[in-house]
file data19.cif (mmCIF, C-alpha atoms and all ligand atoms)
data_start
loop_
_atom_site.label_atom_id
_atom_site.label_comp_id
_atom_site.auth_asym_id
_atom_site.auth_seq_id
_atom_site.Cartn_x
_atom_site.Cartn_y
_atom_site.Cartn_z
CA MET A 1119 0.00 0.00 0.00
CA TYR A 1120 2.76 2.51 0.90
CA ASP A 1121 4.30 1.75 -2.49
CA GLU A 1122 1.03 2.55 -4.21
CA ILE A 1123 0.77 5.92 -2.40
CA ILE A 1124 4.30 6.89 -3.37
CA ARG A 1125 3.68 5.90 -7.01
CA PHE A 1126 0.49 7.98 -7.03
CA ILE A 1127 2.20 11.07 -5.62
CA ARG A 1128 5.05 10.72 -8.13
CA LYS A 1129 2.51 10.41 -10.94
CA ILE A 1130 0.79 13.64 -9.83
CA TYR A 1131 4.05 15.55 -9.72
CA GLY A 1132 5.35 13.78 -12.86
CA THR A 1133 8.86 13.32 -11.55
CA GLY A 1134 11.29 10.63 -10.52
CA LYS A 1135 13.21 13.27 -8.55
CA PRO A 1136 12.62 14.06 -4.85
CA VAL A 1137 9.14 15.52 -4.29
CA PRO A 1138 9.18 18.39 -1.75
CA LEU A 1139 6.35 19.09 0.68
CA HIS A 1140 5.60 22.58 -0.59
CA GLU A 1141 7.72 24.61 -2.96
CA PRO A 1142 7.06 28.14 -4.21
CA ARG A 1143 6.13 28.82 -7.83
CA PHE A 1144 7.37 31.89 -9.67
CA SER A 1145 5.63 31.99 -13.04
CA GLY A 1146 4.54 35.61 -13.42
CA ASN A 1147 5.95 39.10 -12.96
CA GLU A 1148 8.35 38.26 -10.12
CA LYS A 1149 11.60 39.02 -11.97
CA LYS A 1150 10.14 42.12 -13.61
CA TYR A 1151 8.99 43.66 -10.31
CA LEU A 1152 12.21 42.69 -8.52
CA LEU A 1153 14.34 44.32 -11.24
CA ASP A 1154 12.13 47.38 -11.16
CA CYS A 1155 12.54 47.54 -7.39
CA ILE A 1156 16.34 47.27 -7.67
CA ASP A 1157 16.45 49.91 -10.43
CA SER A 1158 14.45 52.26 -8.20
CA THR A 1159 17.05 51.79 -5.40
CA TYR A 1160 14.15 51.56 -2.94
CA VAL A 1161 14.82 48.02 -1.77
CA SER A 1162 14.40 48.60 1.93
CA SER A 1163 11.63 49.79 4.23
CA VAL A 1164 10.35 52.61 2.00
CA GLY A 1165 8.77 52.10 -1.42
CA GLU A 1166 5.70 51.77 -3.56
CA TYR A 1167 5.61 47.98 -3.55
CA VAL A 1168 4.91 47.81 0.19
CA SER A 1169 1.80 49.97 -0.04
CA GLY A 1170 0.87 48.18 -3.28
CA PHE A 1171 1.12 44.79 -1.62
CA GLU A 1172 -0.88 45.97 1.41
CA LYS A 1173 -3.58 47.29 -0.92
CA ARG A 1174 -3.80 44.01 -2.83
CA ILE A 1175 -4.04 41.97 0.38
CA LYS A 1176 -6.60 44.34 1.89
CA GLU A 1177 -8.82 44.07 -1.17
CA TYR A 1178 -8.38 40.34 -1.52
CA CYS A 1179 -9.16 39.60 2.12
CA GLY A 1180 -11.88 42.22 2.49
CA SER A 1181 -9.98 43.72 5.40
CA PRO A 1182 -10.31 47.50 5.83
CA TYR A 1183 -6.62 47.73 6.84
CA ALA A 1184 -3.46 45.68 6.22
CA VAL A 1185 0.03 46.39 7.55
CA ALA A 1186 3.00 44.45 6.11
CA THR A 1187 5.71 43.04 8.38
CA VAL A 1188 9.04 41.23 7.98
CA ASN A 1189 7.49 37.85 8.77
CA GLY A 1190 4.47 36.19 10.32
CA THR A 1191 6.23 35.77 13.67
CA SER A 1192 6.74 39.53 14.09
CA ALA A 1193 3.15 40.11 12.96
CA LEU A 1194 1.92 37.75 15.69
CA HIS A 1195 4.02 39.45 18.34
CA LEU A 1196 2.74 42.85 17.31
CA ALA A 1197 -0.86 41.67 16.99
CA LEU A 1198 -0.84 40.56 20.62
CA ILE A 1199 0.64 43.89 21.72
CA LEU A 1200 -2.06 45.66 19.71
CA ALA A 1201 -4.68 43.48 21.40
CA GLY A 1202 -3.44 44.95 24.68
CA VAL A 1203 -1.54 41.91 26.00
CA LYS A 1204 0.77 42.96 28.84
CA PRO A 1205 3.45 41.15 30.85
CA GLY A 1206 1.92 38.86 33.46
CA GLU A 1207 -1.35 38.34 31.56
CA MET A 1208 -2.62 35.18 29.90
CA VAL A 1209 -3.30 34.31 26.26
CA ILE A 1210 -5.29 31.24 25.27
CA THR A 1211 -3.98 29.24 22.35
CA GLN A 1212 -3.85 25.68 21.01
CA PRO A 1213 -1.09 23.10 21.57
CA LEU A 1214 -1.32 21.85 17.98
CA THR A 1215 0.46 24.68 16.20
CA PHE A 1216 3.80 25.88 14.91
CA ILE A 1217 6.01 27.13 17.72
CA ALA A 1218 5.75 30.80 16.62
CA THR A 1219 2.16 30.99 17.89
CA ALA A 1220 3.11 30.20 21.47
CA ASN A 1221 6.40 32.11 21.31
CA ALA A 1222 4.51 35.30 20.45
CA VAL A 1223 2.78 35.00 23.82
CA LEU A 1224 6.09 34.62 25.67
CA CYS A 1225 7.57 37.55 23.71
CA CYS A 1226 4.87 39.73 25.31
CA GLY A 1227 5.88 38.51 28.77
CA ALA A 1228 2.51 36.75 29.02
CA SER A 1229 1.69 33.10 29.77
CA PRO A 1230 0.00 30.77 27.31
CA LEU A 1231 -3.01 28.75 28.41
CA PHE A 1232 -3.42 25.73 26.15
CA ILE A 1233 -6.91 24.57 25.14
CA ASP A 1234 -7.58 21.53 22.96
CA VAL A 1235 -8.56 21.52 19.29
CA ASP A 1236 -11.59 19.91 17.63
CA ARG A 1237 -10.88 16.86 15.50
CA GLU A 1238 -13.22 18.08 12.74
CA THR A 1239 -11.39 21.38 12.20
CA MET A 1240 -8.01 20.84 13.93
CA GLY A 1241 -8.60 24.38 15.26
CA LEU A 1242 -9.14 25.64 18.82
CA SER A 1243 -12.29 24.05 20.25
CA PRO A 1244 -14.98 26.56 21.33
CA GLY A 1245 -16.74 23.80 23.29
CA LYS A 1246 -13.63 22.89 25.26
CA LEU A 1247 -12.80 26.56 25.80
CA ALA A 1248 -16.27 27.29 27.22
CA GLU A 1249 -16.04 24.25 29.50
CA TYR A 1250 -12.59 25.26 30.73
CA LEU A 1251 -13.46 28.89 31.41
CA LYS A 1252 -16.64 27.92 33.24
CA ALA A 1253 -14.67 25.70 35.61
CA ASN A 1254 -11.45 27.71 35.91
CA SER A 1255 -12.12 31.43 35.73
CA LYS A 1256 -13.96 34.23 37.45
CA THR A 1257 -15.00 37.73 36.43
CA GLY A 1258 -13.20 40.62 38.13
CA ASP A 1259 -14.76 43.92 39.22
CA ASP A 1260 -13.24 45.44 36.09
CA GLY A 1261 -15.27 43.10 33.86
CA TYR A 1262 -12.25 41.06 32.73
CA THR A 1263 -11.83 37.31 33.16
CA TYR A 1264 -9.21 36.03 35.60
CA HIS A 1265 -7.78 32.53 35.87
CA SER A 1266 -8.95 31.01 39.16
CA VAL A 1267 -5.63 29.33 39.97
CA SER A 1268 -2.99 31.76 38.69
CA GLY A 1269 -5.07 34.91 39.20
CA GLN A 1270 -3.87 36.21 35.81
CA LEU A 1271 -6.05 38.34 33.56
CA ILE A 1272 -6.97 36.39 30.41
CA ARG A 1273 -6.55 39.07 27.76
CA ALA A 1274 -6.62 37.35 24.39
CA CYS A 1275 -7.37 34.16 22.54
CA LEU A 1276 -5.09 33.13 19.66
CA PRO A 1277 -6.65 30.36 17.55
CA MET A 1278 -4.71 29.02 14.57
CA HIS A 1279 -6.23 27.85 11.27
CA THR A 1280 -4.40 24.56 11.05
CA PHE A 1281 -2.86 23.71 7.67
CA GLY A 1282 -5.17 26.37 6.19
CA HIS A 1283 -8.51 25.01 7.49
CA PRO A 1284 -10.53 27.62 9.39
CA GLY A 1285 -11.72 26.77 12.87
CA ARG A 1286 -15.23 27.31 14.29
CA MET A 1287 -14.92 31.07 14.47
CA ASP A 1288 -18.54 32.03 15.19
CA GLU A 1289 -18.70 29.83 18.26
CA LEU A 1290 -15.23 30.89 19.38
CA ASN A 1291 -16.10 34.58 19.03
CA ASP A 1292 -19.28 33.97 21.07
CA VAL A 1293 -17.34 32.39 23.94
CA CYS A 1294 -14.67 35.10 23.88
CA THR A 1295 -17.24 37.91 23.78
CA LYS A 1296 -18.98 36.40 26.80
CA TYR A 1297 -15.69 36.39 28.75
CA ASN A 1298 -14.44 39.73 27.40
CA ILE A 1299 -11.42 38.16 25.69
CA THR A 1300 -9.97 39.64 22.45
CA VAL A 1301 -9.63 37.25 19.51
CA VAL A 1302 -6.44 37.39 17.44
CA GLU A 1303 -6.31 34.91 14.56
CA ASP A 1304 -3.11 33.18 13.61
CA SER A 1305 -4.00 32.82 9.93
CA ALA A 1306 -0.36 32.36 8.91
CA GLU A 1307 -1.27 29.24 6.92
CA ALA A 1308 -4.66 30.39 5.68
CA ILE A 1309 -4.28 32.88 2.83
CA GLY A 1310 -7.23 32.27 0.50
CA SER A 1311 -9.27 30.32 3.09
CA ARG A 1312 -12.77 31.47 3.92
CA TYR A 1313 -15.21 30.80 6.73
CA LYS A 1314 -18.85 31.53 5.88
CA GLY A 1315 -17.55 33.57 2.96
CA ARG A 1316 -15.22 35.73 5.05
CA HIS A 1317 -11.46 35.53 4.70
CA ALA A 1318 -9.47 33.95 7.53
CA GLY A 1319 -7.83 36.65 9.60
CA THR A 1320 -10.81 39.01 9.32
CA LEU A 1321 -13.01 37.09 11.76
CA GLY A 1322 -11.54 38.30 15.05
CA ALA A 1323 -10.24 41.70 16.19
CA ILE A 1324 -6.86 41.25 14.49
CA GLY A 1325 -5.51 38.63 12.08
CA VAL A 1326 -2.06 37.62 10.92
CA LEU A 1327 -0.80 36.15 7.62
CA SER A 1328 2.59 34.69 6.71
CA PHE A 1329 4.36 34.79 3.35
CA ASN A 1330 7.22 32.50 4.29
CA GLY A 1331 8.72 30.46 1.44
CA ASN A 1332 6.67 27.39 2.33
CA LYS A 1333 3.30 29.19 2.06
CA ILE A 1334 1.03 29.31 -1.02
CA ILE A 1335 2.38 32.70 -2.02
CA THR A 1336 5.65 34.03 -0.70
CA THR A 1337 7.61 37.24 -0.29
CA GLY A 1338 10.72 35.29 0.76
CA GLY A 1339 9.95 36.28 4.32
CA GLY A 1340 6.94 38.36 5.20
CA GLY A 1341 3.79 38.78 7.20
CA MET A 1342 0.69 40.94 7.41
CA ILE A 1343 -1.54 42.32 10.14
CA LEU A 1344 -5.23 42.55 9.23
CA THR A 1345 -7.70 44.68 11.16
CA ASP A 1346 -10.90 46.64 10.71
CA ASN A 1347 -9.83 49.22 13.27
CA ALA A 1348 -8.17 52.39 11.93
CA ASP A 1349 -6.40 53.17 15.23
CA VAL A 1350 -5.00 49.64 15.51
CA ALA A 1351 -3.73 49.84 11.92
CA LYS A 1352 -2.13 53.23 12.52
CA ARG A 1353 -0.41 51.97 15.64
CA ALA A 1354 0.69 48.79 13.85
CA LYS A 1355 2.42 50.85 11.17
CA HIS A 1356 3.98 53.10 13.82
CA LEU A 1357 5.32 50.21 15.88
CA THR A 1358 6.69 48.36 12.84
CA THR A 1359 8.75 51.43 11.93
CA GLN A 1360 10.59 51.96 15.24
CA ALA A 1361 7.79 54.25 16.46
CA LYS A 1362 9.42 57.05 14.48
CA ILE A 1363 7.51 60.31 14.27
CA PRO A 1364 7.36 61.06 10.54
CA HIS A 1365 9.66 63.98 9.71
CA ARG A 1366 11.83 64.75 6.69
CA TRP A 1367 15.11 64.87 8.61
CA GLU A 1368 14.61 64.55 12.34
CA PHE A 1369 14.90 61.29 14.23
CA ALA A 1370 12.35 61.39 17.01
CA HIS A 1371 10.54 58.35 18.42
CA ASP A 1372 7.66 58.44 20.88
CA GLU A 1373 7.89 54.90 22.28
CA ALA A 1374 9.98 51.73 22.05
CA GLY A 1375 9.04 50.30 18.67
CA TYR A 1376 10.31 47.53 16.41
CA ASN A 1377 12.02 47.15 13.06
CA TYR A 1378 9.21 44.94 11.76
CA ARG A 1379 8.33 46.69 8.48
CA MET A 1380 8.42 44.55 5.31
CA PRO A 1381 11.18 45.66 2.90
CA ASN A 1382 10.12 46.89 -0.53
CA ILE A 1383 12.04 44.13 -2.32
CA ASN A 1384 10.02 41.46 -0.51
CA ALA A 1385 6.80 43.31 -1.26
CA ALA A 1386 7.74 43.43 -4.98
CA LEU A 1387 7.78 39.64 -4.96
CA GLY A 1388 4.46 39.66 -3.07
CA CYS A 1389 2.77 41.88 -5.67
CA ALA A 1390 3.70 39.43 -8.43
CA GLN A 1391 2.62 36.43 -6.35
CA MET A 1392 -0.76 38.00 -5.59
CA GLU A 1393 -1.50 38.07 -9.32
CA LYS A 1394 -1.35 34.27 -9.29
CA LEU A 1395 -3.08 33.54 -5.99
CA ASP A 1396 -6.50 32.61 -7.39
CA LEU A 1397 -4.91 30.30 -9.97
CA PHE A 1398 -2.75 28.64 -7.28
CA LEU A 1399 -5.79 28.13 -5.04
CA GLU A 1400 -7.74 26.54 -7.88
CA LYS A 1401 -4.88 24.14 -8.57
CA LYS A 1402 -4.53 23.29 -4.89
CA ARG A 1403 -8.22 22.49 -4.62
CA THR A 1404 -7.96 20.22 -7.67
CA LEU A 1405 -4.99 18.50 -6.03
CA ALA A 1406 -6.98 17.99 -2.81
CA GLU A 1407 -9.89 16.48 -4.79
CA THR A 1408 -7.49 14.15 -6.60
CA TYR A 1409 -5.97 13.02 -3.29
CA LYS A 1410 -9.41 12.58 -1.74
CA LYS A 1411 -10.55 10.27 -4.56
CA PHE A 1412 -7.38 8.23 -4.28
CA PHE A 1413 -7.40 7.89 -0.49
CA ASP A 1414 -11.11 6.99 -0.43
CA GLY A 1415 -10.07 3.70 -2.00
CA THR A 1416 -7.33 3.01 0.55
CA GLY A 1417 -9.11 3.22 3.90
CA ILE A 1418 -6.72 6.04 4.94
CA PRO A 1419 -8.76 9.15 5.87
CA PHE A 1420 -7.94 12.31 3.95
CA PHE A 1421 -8.80 15.56 5.76
CA ILE A 1422 -11.38 17.68 3.94
CA GLU A 1423 -12.40 21.27 4.60
CA PRO A 1424 -14.67 21.74 7.66
CA GLU A 1425 -18.34 22.70 7.39
CA HIS A 1426 -18.95 26.33 6.28
CA CYS A 1427 -15.37 26.62 5.04
CA ARG A 1428 -13.63 26.98 1.73
CA SER A 1429 -10.05 26.00 2.56
CA ASN A 1430 -6.84 26.70 0.73
CA TYR A 1431 -5.59 23.13 1.42
CA TRP A 1432 -2.16 24.54 2.20
CA LEU A 1433 -0.76 21.21 3.42
CA ASN A 1434 -2.82 18.12 2.70
CA CYS A 1435 -3.28 15.73 5.61
CA ILE A 1436 -3.91 12.01 5.96
CA PHE A 1437 -4.42 10.06 9.18
CA MET A 1438 -2.65 6.79 9.85
CA LYS A 1439 -4.00 4.15 12.26
CA ASP A 1440 -1.63 4.98 15.12
CA ARG A 1441 1.81 6.43 15.89
CA GLU A 1442 3.67 3.26 14.79
CA GLU A 1443 1.98 3.24 11.40
CA ARG A 1444 2.54 6.98 11.06
CA ASP A 1445 6.26 6.52 11.71
CA ARG A 1446 6.51 3.56 9.34
CA PHE A 1447 4.94 5.62 6.56
CA LEU A 1448 7.12 8.66 7.28
CA GLN A 1449 10.20 6.44 7.08
CA PHE A 1450 9.11 4.74 3.86
CA SER A 1451 8.04 7.88 2.02
CA ASN A 1452 11.07 9.95 2.98
CA ASP A 1453 13.40 7.02 2.17
CA ASN A 1454 11.77 6.94 -1.25
CA GLY A 1455 12.23 10.63 -2.01
CA VAL A 1456 8.68 11.78 -1.29
CA MET A 1457 8.76 14.32 1.48
CA THR A 1458 6.15 13.82 4.17
CA ARG A 1459 6.14 15.04 7.74
CA PRO A 1460 4.20 14.60 10.95
CA ALA A 1461 2.29 17.37 12.71
CA TRP A 1462 4.38 19.53 15.02
CA ASN A 1463 5.27 18.01 18.41
CA LEU A 1464 2.58 19.47 20.64
CA VAL A 1465 3.87 22.77 22.00
CA THR A 1466 3.00 21.58 25.52
CA THR A 1467 5.64 18.84 25.24
CA LEU A 1468 8.48 21.32 24.63
CA PRO A 1469 10.71 22.41 27.51
CA MET A 1470 9.59 26.07 27.44
CA TYR A 1471 5.93 25.16 27.75
CA LYS A 1472 5.75 21.91 29.68
CA ASN A 1473 4.73 23.69 32.89
CA ALA A 1474 2.14 25.94 31.26
CA LEU A 1475 -1.49 25.64 32.30
CA SER A 1476 -3.71 23.65 29.97
CA GLY A 1477 -7.04 21.89 29.68
CA ASN A 1478 -7.58 18.32 28.55
CA LEU A 1479 -5.69 17.88 25.26
CA ASP A 1480 -6.98 14.52 24.01
CA ASN A 1481 -7.87 15.64 20.48
CA ALA A 1482 -4.54 17.37 19.90
CA ARG A 1483 -2.75 14.19 21.05
CA TRP A 1484 -4.93 12.04 18.81
CA ILE A 1485 -4.09 14.19 15.79
CA GLU A 1486 -0.39 14.45 16.63
CA GLU A 1487 -0.08 10.66 16.80
CA ARG A 1488 -1.70 10.02 13.41
CA LEU A 1489 -1.38 13.00 11.08
CA VAL A 1490 0.94 13.01 8.09
CA ASN A 1491 1.34 15.93 5.68
CA ILE A 1492 1.83 14.84 2.08
CA PRO A 1493 3.27 16.85 -0.84
CA SER A 1494 1.06 19.85 -1.55
CA SER A 1495 2.90 22.19 -3.93
CA VAL A 1496 0.84 23.86 -6.63
CA VAL A 1497 0.73 21.42 -9.55
CA ASP A 1498 -0.98 21.22 -12.96
CA ILE A 1499 -3.43 18.34 -13.02
CA GLU A 1500 -5.53 17.67 -16.12
CA THR A 1501 -9.21 17.53 -15.11
C1 LIG A 1601 0.78 28.71 12.39
C2 LIG A 1601 1.95 29.58 12.09
N1 LIG A 1601 2.13 30.70 12.81
C3 LIG A 1601 3.15 31.52 12.59
C4 LIG A 1601 4.08 31.24 11.61
C5 LIG A 1601 5.25 32.14 11.47
O1 LIG A 1601 5.33 32.76 10.26
P1 LIG A 1601 6.75 33.21 9.66
O2 LIG A 1601 7.49 31.98 9.27
O3 LIG A 1601 6.39 34.06 8.50
O4 LIG A 1601 7.46 33.98 10.72
C6 LIG A 1601 3.94 30.08 10.84
C7 LIG A 1601 4.84 29.66 9.77
O5 LIG A 1601 5.56 30.03 9.06
C8 LIG A 1601 2.84 29.23 11.07
O6 LIG A 1601 2.67 28.11 10.36
#
call {"tool": "encode", "arguments": {"input": "data19.cif", "output": "structure tokens"}}
result
Amino acid sequence: MYDEIIRFIRKIYGTGKPVPLHEPRFSGNEKKYLLDCIDSTYVSSVGEYVSGFEKRIKEYCGSPYAVATVNGTSALHLALILAGVKPGEMVITQPLTFIATANAVLCCGASPLFIDVDRETMGLSPGKLAEYLKANSKTGDDGYTYHSVSGQLIRACLPMHTFGHPGRMDELNDVCTKYNITVVEDSAEAIGSRYKGRHAGTLGAIGVLSFNGNKIITTGGGGMILTDNADVAKRAKHLTTQAKIPHRWEFAHDEAGYNYRMPNINAALGCAQMEKLDLFLEKKRTLAETYKKFFDGTGIPFFIEPEHCRSNYWLNCIFMKDREERDRFLQFSNDNGVMTRPAWNLVTTLPMYKNALSGNLDNARWIEERLVNIPSSVVDIET
């Protein structure tokens, strides 16, 4: 059976060479815009391509404001600051995520509180969150929610749209509204994904995208903060540019900011990639359908987009019977030049987070033990 899977993947990608998990595709105006950017000499933090890229993302996502950053990690850090997270406070997130999600919480001097995911979405579970908060929190005189054991104010909730599949955002927003907790979406993996017709990252107070080289479109390194709040957007731009007060020659800064602004040369790449996004998404959905049909005949479940969602299928996922079978398949496929990988080790198992507070994490463990990502690069499949 493993042999058959490998043959099928090789047939899709039409190559006897190693098949990567997700590689970028540059088939449009990338070189043209990059050369233009170099010729202009504006390759750094000032230039037309940055505002152009922000405009394209804003329009595409239906987000009133978009602020470009050097990467998704810095965007996450800043998004939490903008959500008002302060040292000593708590931020709820999921254990099944890339490390950057949890690290952003620590970068703010706050503590993560880990809540399980749902198996159907792989995203933060609103049901489990409601259950946990009911049993483990109380409302303060100031109207905020405090953790009953640690006494910390629970400021924000940071769900992540796992492998591009949106979580149950309506229910999650309802729970967070009830407990006066700000929702910040880690949509790093979810460009092009929609929940009830709305783009991922526009469903909470603030959202974050990543344009790392392994994402569907890339700027080399890059990120974006999405918000519908003009003040938040203004402050985001200010903080990404060292909190410098705009002036033609003076260097004055009104707070401790960051050098988080996306360089123009990266944005030039992003503008070209945006022109291809819809085409890439179409091809990725065809790939997912092709995989689904194949795996239906194998007894190995293939993860499909959750209810109410139109997913980008960033990284396709299959579920093996148990950890041993998962590891056997990982070994076989990688030995045979087809790159596959397991889900991330749960963040709660890593040394920095093993003492963090958490709820019951059964679903995250179940997924971690079985999930395998299979090659998902944009590919041309005849339909
Ligand atoms: C869920 C998630 N959050 C955050 C990031 C960080 O983004 P970046 O690599 O652009 O810093 C990534 C991955 O790249 C991610 O997958």
call {"tool": "closest_residue", "arguments": {"input": "data19.cif", "among": "A:Glu1177, A:Glu1423, A:Asp1396, A:Asp1349", "to": "Cys1435 (chain A)", "atoms": "all atoms listed in the file"}}
result
A:Glu1423
call {"tool": "residues_around", "arguments": {"input": "data19.cif", "residues": "Asp1372 (chain A)", "least_positions_apart": "6", "cutoff": "12 Å", "atoms": "only C-alpha atoms", "output": "ChimeraX atom specification"}}
result
/A:1353,1356-1357,1359-1364
call {"tool": "write_last_selection", "arguments": {"input": "data19.cif", "atoms": "C-alpha atoms", "output": "JSON list (two decimals), keeping the file's coordinate frame"}}
result
[["chain", "number", "residue", "atom", "x", "y", "z"],
["A", 1353, "ARG", "CA", -0.41, 51.97, 15.64],
["A", 1356, "HIS", "CA", 3.98, 53.10, 13.82],
["A", 1357, "LEU", "CA", 5.32, 50.21, 15.88],
["A", 1359, "THR", "CA", 8.75, 51.43, 11.93],
["A", 1360, "GLN", "CA", 10.59, 51.96, 15.24],
["A", 1361, "ALA", "CA", 7.79, 54.25, 16.46],
["A", 1362, "LYS", "CA", 9.42, 57.05, 14.48],
["A", 1363, "ILE", "CA", 7.51, 60.31, 14.27],
["A", 1364, "PRO", "CA", 7.36, 61.06, 10.54]]
call {"tool": "closest_residue", "arguments": {"input": "data19.cif", "among": "A:Asp1121, A:Glu1307, A:Asp1292, A:Asp1259", "to": "ligand LIG 1601 (chain A)", "atoms": "all atoms listed in the file"}}
result
A:Glu1307
call {"tool": "residues_near_point", "arguments": {"input": "data19.cif", "point": "(1.6, 42.0, 7.0)", "cutoff": "10 Å", "atoms": "only C-alpha atoms", "output": "PyMOL selection string"}}
result
chain A and resi 1168+1171-1172+1175-1176+1184-1190+1192-1194+1325-1329+1340-1344+1354-1355+1378-1380+1385
call {"tool": "closest_residue", "arguments": {"input": "data19.cif", "among": "A:Asn1298, A:Thr1257, A:Thr1133, A:Ser1162", "to": "Val1456 (chain A)", "atoms": "all atoms listed in the file"}}
result
A:Thr1133
call {"tool": "closest_residue", "arguments": {"input": "data19.cif", "among": "A:Ala1222, A:Ala1406, A:Leu1242, A:Val1293", "to": "ligand LIG 1601 (chain A)", "atoms": "all atoms listed in the file"}}
result
A:Ala1222
call {"tool": "closest_residue", "arguments": {"input": "data19.cif", "among": "A:Asp1445, A:Glu1122, A:Asp1414, A:Glu1400", "to": "Tyr1431 (chain A)", "atoms": "all atoms listed in the file"}}
result
A:Glu1400
call {"tool": "axis_aligned_box", "arguments": {"input": "data19.cif", "around": "region 1132-1147 of chain A", "padding_each_side": "6 Å", "output": "lines of an AutoDock Vina configuration file"}}
result
center_x = 8.9
center_y = 24.9
center_z = -6.4
size_x = 20.7
size_y = 40.5
size_z = 26.1
call {"tool": "residues_around", "arguments": {"input": "data19.cif", "residues": "Phe1412 (chain A)", "least_positions_apart": "6", "cutoff": "12 Å", "atoms": "all atoms listed in the file", "output": "JSON, numbers by chain"}}
result
{"A": [1119, 1122, 1123, 1124, 1125, 1126, 1127, 1130, 1405, 1406, 1418, 1419, 1420, 1436]}
call {"tool": "closest_residue", "arguments": {"input": "data19.cif", "among": "A:Thr1467, A:Asn1330, A:Ser1243, A:Thr1211", "to": "Arg1286 (chain A)", "atoms": "only C-alpha atoms"}}
result
A:Ser1243
call {"tool": "residues_around", "arguments": {"input": "data19.cif", "residues": "Tyr1297 (chain A)", "least_positions_apart": "6", "cutoff": "9 Å", "atoms": "all atoms listed in the file", "output": "PyMOL selection string"}}
result
chain A and resi 1251+1257+1261-1263+1272
call {"tool": "atom_distance", "arguments": {"input": "data19.cif", "atom1": "CA of Gly1285 (chain A)", "atom2": "CA of Gly1241 (chain A)"}}
result
4.6 Å
call {"tool": "atom_distance", "arguments": {"input": "data19.cif", "atom1": "CA of Pro1213 (chain A)", "atom2": "CA of Ala1482 (chain A)"}}
result
6.9 Å
call {"tool": "residues_around", "arguments": {"input": "data19.cif", "residues": "Asp1440 (chain A)", "least_positions_apart": "5", "cutoff": "10 Å", "atoms": "all atoms listed in the file", "output": "JSON, numbers by chain"}}
result
{"A": [1445, 1484, 1485, 1486, 1487, 1488, 1489]}
call {"tool": "atom_distance", "arguments": {"input": "data19.cif", "atom1": "CA of Lys1314 (chain A)", "atom2": "CA of Gly1202 (chain A)"}}
result
27.8 Å
